file target_24.txt (compact mmCIF, C-alpha atoms)
# COMPACT_ATOMS: atom_id res chain seq x y z
CA MET S 1 18.62 237.57 101.10
CA SER S 2 19.77 235.70 98.00
CA THR S 3 17.78 235.90 94.78
CA LEU S 4 16.45 232.39 95.17
CA PHE S 5 14.67 231.18 98.25
CA GLN S 6 16.38 228.09 99.59
CA PHE S 7 13.91 225.55 98.23
CA ARG S 8 15.47 222.73 100.22
CA ASN S 9 13.54 224.25 103.15
CA PHE S 10 10.21 223.94 101.37
CA THR S 11 9.53 220.42 102.56
CA GLN S 12 9.43 221.50 106.19
CA HIS S 13 6.84 224.14 105.27
CA LEU S 14 4.54 221.90 103.25
CA PRO S 15 1.15 221.24 104.82
CA GLN S 16 0.54 217.86 106.42
CA THR S 17 -2.95 217.75 104.92
CA ASP S 18 -4.27 218.04 101.38
CA LEU S 19 -4.41 221.83 101.75
CA MET S 20 -2.66 223.47 98.82
CA PRO S 21 -0.20 226.28 99.45
CA THR S 22 -0.99 229.70 98.05
CA VAL S 23 1.57 232.13 96.70
CA PHE S 24 2.12 235.74 95.71
CA ILE S 25 4.59 236.10 92.86
CA GLY S 26 6.33 239.26 91.77
CA HIS S 27 6.17 238.83 88.01
CA GLY S 28 8.17 241.85 86.85
CA SER S 29 8.99 242.27 83.17
CA PRO S 30 7.17 240.17 80.56
CA MET S 31 10.64 239.10 79.40
CA ASN S 32 10.79 236.82 82.45
CA GLY S 33 8.33 234.66 80.52
CA ILE S 34 10.99 233.61 78.01
CA GLU S 35 14.26 234.22 79.84
CA ASN S 36 16.08 231.62 81.91
CA ASN S 37 17.07 233.82 84.82
CA ALA S 38 17.07 233.69 88.62
CA PHE S 39 13.42 234.71 88.80
CA SER S 40 12.08 232.29 86.23
CA GLN S 41 14.22 229.47 87.61
CA SER S 42 12.69 230.01 91.03
CA TRP S 43 9.25 229.47 89.47
CA VAL S 44 10.48 226.19 88.02
CA ASP S 45 11.84 225.18 91.43
CA LEU S 46 8.63 226.23 93.18
CA ALA S 47 6.54 223.86 91.08
CA LYS S 48 8.91 221.00 91.93
CA HIS S 49 8.55 221.53 95.65
CA ILE S 50 4.81 221.98 96.11
CA PRO S 51 2.06 219.44 95.42
CA VAL S 52 0.88 219.19 91.82
CA PRO S 53 -2.37 221.18 91.71
CA LYS S 54 -5.61 220.04 90.16
CA ALA S 55 -5.94 223.53 88.70
CA VAL S 56 -4.35 226.97 88.97
CA LEU S 57 -6.32 230.17 89.63
CA VAL S 58 -4.38 233.40 89.09
CA VAL S 59 -5.35 236.86 90.33
CA SER S 60 -3.35 238.95 87.88
CA ALA S 61 -2.63 242.66 88.08
CA HIS S 62 -3.39 242.85 84.38
CA TRP S 63 -7.07 241.92 84.50
CA TYR S 64 -8.52 245.02 86.13
CA THR S 65 -12.27 245.22 85.63
CA HIS S 66 -15.55 246.83 86.64
CA GLY S 67 -17.01 243.86 88.46
CA THR S 68 -15.50 240.49 89.33
CA PHE S 69 -15.13 237.77 86.70
CA VAL S 70 -13.59 234.34 86.32
CA THR S 71 -12.49 232.84 83.01
CA ALA S 72 -14.82 230.00 82.12
CA MET S 73 -13.80 228.89 78.64
CA ASP S 74 -12.45 225.44 77.80
CA PHE S 75 -9.30 226.79 76.15
CA PRO S 76 -8.24 230.31 77.19
CA SER S 77 -6.21 232.27 74.67
CA THR S 78 -2.69 233.57 75.33
CA ILE S 79 -2.91 237.36 75.60
CA HIS S 80 0.09 239.48 74.61
CA ASP S 81 -0.90 242.59 76.55
CA PHE S 82 2.27 244.64 76.10
CA GLY S 83 4.29 246.44 73.46
CA GLY S 84 7.87 247.17 72.52
CA PHE S 85 9.27 243.71 73.24
CA PRO S 86 11.03 241.21 70.94
CA GLN S 87 8.91 239.18 68.55
CA ALA S 88 9.88 236.00 70.40
CA LEU S 89 7.73 237.13 73.31
CA PHE S 90 4.72 237.71 71.05
CA ASP S 91 5.22 234.28 69.49
CA VAL S 92 4.65 232.48 72.81
CA GLN S 93 1.49 230.45 73.10
CA TYR S 94 0.56 228.72 76.34
CA PRO S 95 -2.24 226.28 75.44
CA ALA S 96 -3.32 225.22 78.93
CA PRO S 97 -6.96 224.16 79.20
CA GLY S 98 -9.48 226.01 81.30
CA ASP S 99 -11.96 224.38 83.66
CA ALA S 100 -15.54 225.49 83.12
CA VAL S 101 -16.81 223.28 85.95
CA LEU S 102 -14.38 224.80 88.46
CA ALA S 103 -15.19 228.29 87.20
CA ALA S 104 -18.90 227.68 87.77
CA THR S 105 -18.28 226.77 91.43
CA ILE S 106 -16.56 230.05 92.27
CA PRO S 107 -19.66 232.29 92.15
CA ALA S 108 -21.28 229.93 94.65
CA LEU S 109 -18.38 230.44 97.08
CA VAL S 110 -18.47 234.23 96.91
CA HIS S 111 -21.29 236.03 98.69
CA SER S 112 -19.84 239.53 98.99
CA THR S 113 -20.22 240.29 95.29
CA ASP S 114 -21.43 238.76 92.05
CA VAL S 115 -18.85 236.81 90.06
CA GLY S 116 -19.48 236.66 86.33
CA LEU S 117 -18.36 233.86 84.04
CA ASP S 118 -16.12 235.30 81.32
CA HIS S 119 -15.56 233.70 77.90
CA ASP S 120 -13.51 236.47 76.28
CA TRP S 121 -10.39 237.28 78.31
CA GLY S 122 -7.87 234.41 78.42
CA LEU S 123 -4.45 234.30 80.11
CA ASP S 124 -2.60 237.63 80.28
CA HIS S 125 1.13 238.03 80.84
CA GLY S 126 0.67 238.24 84.60
CA THR S 127 -0.34 234.60 84.35
CA TRP S 128 1.34 232.82 81.47
CA THR S 129 4.82 234.29 81.95
CA ILE S 130 4.89 232.57 85.35
CA VAL S 131 2.85 229.42 84.79
CA ARG S 132 4.63 228.38 81.59
CA HIS S 133 7.81 228.00 83.65
CA MET S 134 6.03 226.16 86.46
CA TYR S 135 4.03 223.80 84.26
CA PRO S 136 5.69 223.81 80.82
CA HIS S 137 3.57 220.95 79.46
CA ALA S 138 0.44 223.12 79.78
CA ASP S 139 -1.44 220.10 81.09
CA ILE S 140 -2.96 221.69 84.20
CA PRO S 141 -6.11 223.83 83.88
CA VAL S 142 -5.47 227.55 84.39
CA LEU S 143 -8.11 230.16 85.21
CA GLN S 144 -7.98 233.85 86.04
CA LEU S 145 -9.97 235.86 88.57
CA SER S 146 -10.26 239.56 87.79
CA ILE S 147 -9.67 242.46 90.16
CA ASP S 148 -12.67 244.80 90.51
CA TYR S 149 -11.26 248.32 90.55
CA THR S 150 -14.40 249.66 92.27
CA LYS S 151 -13.74 247.57 95.41
CA SER S 152 -11.59 248.55 98.40
CA PRO S 153 -8.55 246.53 99.50
CA LYS S 154 -10.64 245.32 102.44
CA ALA S 155 -13.30 244.02 100.06
CA HIS S 156 -10.66 242.12 98.08
CA TYR S 157 -9.28 240.65 101.30
CA GLU S 158 -12.73 239.43 102.32
CA LEU S 159 -13.38 238.00 98.84
CA ALA S 160 -10.16 236.04 99.12
CA LYS S 161 -11.35 234.54 102.39
CA GLU S 162 -14.49 233.37 100.62
CA ILE S 163 -12.52 231.35 98.08
CA TYR S 164 -10.35 229.71 100.75
CA ALA S 165 -12.19 226.44 100.08
CA LEU S 166 -10.32 226.20 96.78
CA ARG S 167 -7.13 225.43 98.70
CA LYS S 168 -8.91 222.38 100.12
CA ARG S 169 -9.83 221.27 96.61
CA GLY S 170 -6.30 221.12 95.26
CA VAL S 171 -6.37 224.51 93.53
CA LEU S 172 -3.20 226.59 93.57
CA VAL S 173 -4.23 230.24 93.90
CA ILE S 174 -1.53 232.65 92.73
CA GLY S 175 -1.53 236.39 93.24
CA SER S 176 0.57 237.92 90.46
CA GLY S 177 1.80 241.50 90.71
CA ASN S 178 4.61 243.36 92.49
CA MET S 179 4.74 244.69 96.06
CA VAL S 180 6.65 247.76 94.90
CA HIS S 181 5.70 248.84 91.38
CA ASN S 182 6.34 252.37 90.18
CA LEU S 183 7.14 252.34 86.48
CA ARG S 184 7.31 256.13 86.30
CA MET S 185 10.40 256.06 88.53
CA VAL S 186 12.27 253.16 86.93
CA ASN S 187 16.02 253.68 86.69
CA TRP S 188 17.25 251.76 83.66
CA ASP S 189 20.82 251.84 84.97
CA MET S 190 19.54 249.63 87.83
CA ILE S 191 17.38 247.33 85.74
CA ASN S 192 19.56 244.28 86.47
CA GLY S 193 19.34 244.84 90.21
CA GLY S 194 19.07 247.49 92.86
CA GLY S 195 16.41 249.60 94.52
CA TYR S 196 15.97 253.09 95.88
CA ASP S 197 16.20 253.47 99.64
CA TRP S 198 12.46 254.06 99.93
CA ALA S 199 11.74 250.88 97.92
CA HIS S 200 13.85 248.77 100.29
CA GLU S 201 12.31 250.54 103.30
CA ILE S 202 8.70 249.86 102.38
CA ASN S 203 9.43 246.38 101.05
CA ASP S 204 11.00 245.45 104.39
CA GLN S 205 8.01 246.93 106.19
CA PHE S 206 5.65 244.86 104.05
CA LYS S 207 7.63 241.70 104.80
CA ASN S 208 7.69 242.30 108.55
CA LEU S 209 3.93 242.85 108.62
CA ILE S 210 3.37 239.68 106.56
CA LEU S 211 5.61 237.60 108.83
CA ASN S 212 3.79 238.93 111.89
CA GLY S 213 0.39 238.15 110.41
CA ASP S 214 -0.51 241.82 110.82
CA HIS S 215 -2.69 242.26 107.77
CA LYS S 216 -4.66 245.37 108.71
CA PRO S 217 -1.85 247.87 107.97
CA LEU S 218 -1.24 246.08 104.67
CA ILE S 219 -4.92 246.43 103.77
CA ASP S 220 -4.83 250.09 104.85
CA TYR S 221 -1.53 250.65 103.04
CA ARG S 222 -2.32 254.29 102.32
CA ASN S 223 -1.64 254.97 106.00
CA LEU S 224 1.89 253.56 105.86
CA GLY S 225 3.43 256.85 104.79
CA PRO S 226 5.19 258.41 101.79
CA ALA S 227 7.22 255.32 100.87
CA ALA S 228 4.02 253.29 100.47
CA MET S 229 2.59 255.96 98.17
CA LEU S 230 5.73 255.80 96.04
CA ALA S 231 5.57 252.00 96.00
CA ILE S 232 1.87 251.86 95.10
CA PRO S 233 0.97 254.83 92.90
CA THR S 234 -1.86 252.70 91.52
CA PRO S 235 -3.14 249.57 93.32
CA GLU S 236 -3.46 246.92 90.60
CA HIS S 237 -0.04 245.32 91.16
CA TYR S 238 -0.40 245.39 94.93
CA LEU S 239 -3.92 243.98 95.25
CA PRO S 240 -2.92 240.42 94.22
CA LEU S 241 -0.88 240.36 97.44
CA ILE S 242 -4.06 241.17 99.37
CA TYR S 243 -5.65 238.04 97.89
CA THR S 244 -2.75 235.90 99.06
CA LEU S 245 -3.03 237.39 102.55
CA GLY S 246 -6.76 236.75 102.61
CA LEU S 247 -6.11 233.08 101.82
CA THR S 248 -3.63 232.78 104.70
CA THR S 249 -4.51 231.22 108.05
CA GLU S 250 -2.76 231.41 111.42
CA ARG S 251 -1.53 227.85 110.90
CA ASP S 252 0.30 228.61 107.66
CA GLU S 253 4.05 228.98 107.44
CA VAL S 254 5.16 232.04 105.46
CA SER S 255 8.44 232.45 103.59
CA PHE S 256 9.89 234.72 100.91
CA PHE S 257 11.76 234.13 97.67
CA ASN S 258 13.00 236.30 94.78
CA ASP S 259 13.51 238.98 97.40
CA ASN S 260 15.21 241.50 95.13
CA ALA S 261 14.68 245.02 93.84
CA VAL S 262 15.19 245.87 90.18
CA GLY S 263 15.10 249.13 88.29
CA GLY S 264 15.14 251.14 91.50
CA SER S 265 11.37 251.22 91.93
CA LEU S 266 10.26 247.58 91.52
CA THR S 267 10.58 244.59 93.84
CA MET S 268 10.25 240.96 92.81
CA THR S 269 9.66 239.79 96.40
CA SER S 270 7.37 236.78 96.43
CA VAL S 271 5.54 235.03 99.27
CA LEU S 272 4.93 231.32 99.78
CA VAL S 273 2.12 230.47 102.19
CA GLY S 274 1.52 226.95 103.44
call {"tool": "encode", "arguments": {"input": "target_24.txt", "output": "structure tokens"}}
result
Amino acid sequence: MSTLFQFRNFTQHLPQTDLMPTVFIGHGSPMNGIENNAFSQSWVDLAKHIPVPKAVLVVSAHWYTHGTFVTAMDFPSTIHDFGGFPQALFDVQYPAPGDAVLAATIPALVHSTDVGLDHDWGLDHGTWTIVRHMYPHADIPVLQLSIDYTKSPKAHYELAKEIYALRKRGVLVIGSGNMVHNLRMVNWDMINGGGYDWAHEINDQFKNLILNGDHKPLIDYRNLGPAAMLAIPTPEHYLPLIYTLGLTTERDEVSFFNDNAVGGSLTMTSVLVG
């Protein structure tokens, strides 16, 4: 599949109601936040072809916590949670507002666990590197929902179902991570494109299960064999996909974009639902 999903097909997938789509985005390197490349351009195109949201809620791989929290400040800070990159990346500020009222409604939707209101975190690079391309004027409220590392994938899937009502309220929920994410096995000679055989194998298996609406094996990914263990040595980049799946209904259309491997052991494959 080409790097960019054919966005001219988006209109036939858009919901006929006010239900917002939901999306999983492979965010990859923080440098995608400032580079004009195929990945970042697809995020620009995505925003042009879906309804303008009232707010954006991101489940980012980079807010991994004991307990579940949602950012509830009026103006979340831009977090530069990385090292070794050019100063231009550290200079980026994304001054989108928060939405304290929306944040306060989320604990009422979730019954499987307590959701705390957080006033300290902000927007990490799993969020702002994507959203600044989608909404460059920073005029749409952006919140983050943390990933509780004590919970099972099944628990995260069920939590996602509990916040489904946000799609009916014009909120764009984004899961931000990578389906295949093994930094210890990155091949820098392949950083501009290319994946190991096992990375393509498991990525294709993930896609087939998603297209078939067969979520149980994706939740129980540890049973998918050695390739899955190579793809997901730690779960934080994979769990945002579980949130997107939990927000999916049988009526939703599902399509892929940015369906590419980079660095051998990473895939940028992204999923549009709705």
call {"tool": "closest_residue", "arguments": {"input": "target_24.txt", "among": "S:Ala61, S:Val131, S:Ala160, S:Ala103", "to": "S:Trp43", "atoms": "only C-alpha atoms"}}
result
S:Val131
call {"tool": "closest_residue", "arguments": {"input": "target_24.txt", "among": "S:Met268, S:Leu172, S:Glu253, S:Gln144", "to": "S:Ser29", "atoms": "all atoms listed in the file"}}
result
S:Met268
call {"tool": "closest_atom_pairs", "arguments": {"input": "target_24.txt", "of": "stretch 29-96 of chain S", "to": "stretch 244-249 of chain S", "cutoff": "12 Å", "atoms": "all atoms listed in the file", "output": "JSON lines"}}
result
{"residue": "S:Leu57", "atom": "CA", "partner": "S:Thr244", "partner_atom": "CA", "distance": 11.6}
{"residue": "S:Val58", "atom": "CA", "partner": "S:Thr244", "partner_atom": "CA", "distance": 10.4}
{"residue": "S:Val59", "atom": "CA", "partner": "S:Thr244", "partner_atom": "CA", "distance": 9.2}
{"residue": "S:Ser60", "atom": "CA", "partner": "S:Thr244", "partner_atom": "CA", "distance": 11.6}
call {"tool": "atom_distance", "arguments": {"input": "target_24.txt", "atom1": "atom CA of S:Tyr238", "atom2": "atom CA of S:Trp128"}}
result
18.5 Å
call {"tool": "closest_residue", "arguments": {"input": "target_24.txt", "among": "S:Asn36, S:Thr78, S:Thr129, S:Thr22", "to": "S:Ile50", "atoms": "only C-alpha atoms"}}
result
S:Thr22
call {"tool": "closest_residue", "arguments": {"input": "target_24.txt", "among": "S:Gly26, S:Pro136, S:Gly263, S:Gly67", "to": "S:Lys151", "atoms": "all atoms listed in the file"}}
result
S:Gly67
call {"tool": "atom_distance", "arguments": {"input": "target_24.txt", "atom1": "atom CA of S:His119", "atom2": "atom CA of S:Thr71"}}
result
6.0 Å
call {"tool": "closest_residue", "arguments": {"input": "target_24.txt", "among": "S:Leu145, S:Val101, S:Val254, S:Ile174", "to": "S:Leu241", "atoms": "all atoms listed in the file"}}
result
S:Ile174
call {"tool": "closest_residue", "arguments": {"input": "target_24.txt", "among": "S:Met229, S:Met190, S:Ile163, S:Ala100", "to": "S:Ser112", "atoms": "only C-alpha atoms"}}
result
S:Ile163
call {"tool": "residues_near_point", "arguments": {"input": "target_24.txt", "point": "(-3.9, 241.2, 84.3)", "cutoff": "7 Å", "atoms": "all atoms listed in the file", "output": "NGL selection string"}}
result
:S and (60-64 or 124-126)
call {"tool": "atom_distance", "arguments": {"input": "target_24.txt", "atom1": "atom CA of S:Asn187", "atom2": "atom CA of S:Gly264"}}
result
5.5 Å
call {"tool": "residues_near_point", "arguments": {"input": "target_24.txt", "point": "(-7.6, 227.5, 89.5)", "cutoff": "7 Å", "atoms": "all atoms listed in the file", "output": "list in words"}}
result
Ala55, Val56, Leu57, Val58, Pro141, Val142, Leu143, Val171, Leu172 and Val173 of chain S
call {"tool": "axis_aligned_box", "arguments": {"input": "target_24.txt", "around": "stretch 48-60 of chain S", "padding_each_side": "3 Å", "output": "JSON"}}
result
{"center_x": 1.3, "center_y": 229.1, "center_z": 92.0, "size_x": 21.2, "size_y": 25.8, "size_z": 14.2}
call {"tool": "residues_around", "arguments": {"input": "target_24.txt", "residues": "S:Met185", "least_positions_apart": "6", "cutoff": "12 Å", "atoms": "all atoms listed in the file", "output": "PDB file with C-alpha atoms, keeping the file's coordinate frame"}}
result
ATOM      1  CA  ILE S 191      17.380 247.330  85.740  1.00  0.00           C
ATOM      2  CA  GLY S 195      16.410 249.600  94.520  1.00  0.00           C
ATOM      3  CA  TYR S 196      15.970 253.090  95.880  1.00  0.00           C
ATOM      4  CA  TRP S 198      12.460 254.060  99.930  1.00  0.00           C
ATOM      5  CA  ALA S 199      11.740 250.880  97.920  1.00  0.00           C
ATOM      6  CA  LEU S 230       5.730 255.800  96.040  1.00  0.00           C
ATOM      7  CA  ALA S 231       5.570 252.000  96.000  1.00  0.00           C
ATOM      8  CA  ILE S 232       1.870 251.860  95.100  1.00  0.00           C
ATOM      9  CA  PRO S 233       0.970 254.830  92.900  1.00  0.00           C
ATOM     10  CA  VAL S 262      15.190 245.870  90.180  1.00  0.00           C
ATOM     11  CA  GLY S 263      15.100 249.130  88.290  1.00  0.00           C
ATOM     12  CA  GLY S 264      15.140 251.140  91.500  1.00  0.00           C
ATOM     13  CA  SER S 265      11.370 251.220  91.930  1.00  0.00           C
ATOM     14  CA  LEU S 266      10.260 247.580  91.520  1.00  0.00           C
TER      15      LEU S 266
END
call {"tool": "build_atoms", "arguments": {"input": "target_24.txt", "residues": "stretch 39-63 of chain S", "atoms": "N, CA and C atoms", "output": "short mmCIF file (atom, residue, chain, number, x, y, z; two decimals), in the frame of the given file"}}
result
data_model
loop_
_atom_site.label_atom_id
_atom_site.label_comp_id
_atom_site.auth_asym_id
_atom_site.auth_seq_id
_atom_site.Cartn_x
_atom_site.Cartn_y
_atom_site.Cartn_z
N PHE S 39 14.83 234.63 88.46
CA PHE S 39 13.42 234.71 88.80
C PHE S 39 12.64 233.56 88.18
N SER S 40 12.83 233.36 86.89
CA SER S 40 12.08 232.29 86.23
C SER S 40 12.50 230.92 86.74
N GLN S 41 13.78 230.75 87.08
CA GLN S 41 14.22 229.47 87.61
C GLN S 41 13.59 229.19 88.97
N SER S 42 13.35 230.23 89.74
CA SER S 42 12.69 230.01 91.03
C SER S 42 11.27 229.52 90.84
N TRP S 43 10.61 229.95 89.75
CA TRP S 43 9.25 229.47 89.47
C TRP S 43 9.27 228.00 89.08
N VAL S 44 10.30 227.61 88.33
CA VAL S 44 10.48 226.19 88.02
C VAL S 44 10.66 225.39 89.30
N ASP S 45 11.54 225.86 90.17
CA ASP S 45 11.84 225.18 91.43
C ASP S 45 10.61 225.13 92.34
N LEU S 46 9.84 226.19 92.36
CA LEU S 46 8.63 226.23 93.18
C LEU S 46 7.69 225.09 92.82
N ALA S 47 7.46 224.92 91.53
CA ALA S 47 6.54 223.86 91.08
C ALA S 47 7.04 222.47 91.46
N LYS S 48 8.35 222.30 91.57
CA LYS S 48 8.91 221.00 91.93
C LYS S 48 8.76 220.68 93.41
N HIS S 49 8.52 221.71 94.21
CA HIS S 49 8.55 221.53 95.65
C HIS S 49 7.20 221.75 96.33
N ILE S 50 6.16 221.94 95.56
CA ILE S 50 4.81 221.98 96.11
C ILE S 50 4.00 220.88 95.45
N PRO S 51 2.88 220.48 96.05
CA PRO S 51 2.06 219.44 95.42
C PRO S 51 1.58 219.87 94.03
N VAL S 52 1.41 218.91 93.16
CA VAL S 52 0.88 219.19 91.82
C VAL S 52 -0.60 219.58 91.97
N PRO S 53 -0.98 220.75 91.53
CA PRO S 53 -2.37 221.18 91.71
C PRO S 53 -3.32 220.52 90.71
N LYS S 54 -4.58 220.49 91.10
CA LYS S 54 -5.61 220.04 90.16
C LYS S 54 -5.94 221.14 89.15
N ALA S 55 -5.74 222.37 89.57
CA ALA S 55 -5.94 223.53 88.70
C ALA S 55 -5.21 224.71 89.32
N VAL S 56 -5.00 225.74 88.52
CA VAL S 56 -4.35 226.97 88.97
C VAL S 56 -5.32 228.13 88.73
N LEU S 57 -5.52 228.96 89.75
CA LEU S 57 -6.32 230.17 89.63
C LEU S 57 -5.41 231.35 89.91
N VAL S 58 -5.29 232.26 88.95
CA VAL S 58 -4.38 233.40 89.09
C VAL S 58 -5.19 234.70 89.20
N VAL S 59 -4.85 235.49 90.21
CA VAL S 59 -5.35 236.86 90.33
C VAL S 59 -4.24 237.75 89.80
N SER S 60 -4.41 238.21 88.57
CA SER S 60 -3.35 238.95 87.88
C SER S 60 -3.61 240.44 87.92
N ALA S 61 -2.54 241.21 88.11
CA ALA S 61 -2.63 242.66 88.08
C ALA S 61 -3.15 243.18 86.75
N HIS S 62 -3.09 242.37 85.72
CA HIS S 62 -3.39 242.85 84.38
C HIS S 62 -4.81 242.55 83.90
N TRP S 63 -5.65 242.04 84.82
CA TRP S 63 -7.07 241.92 84.50
C TRP S 63 -7.83 242.75 85.52
#
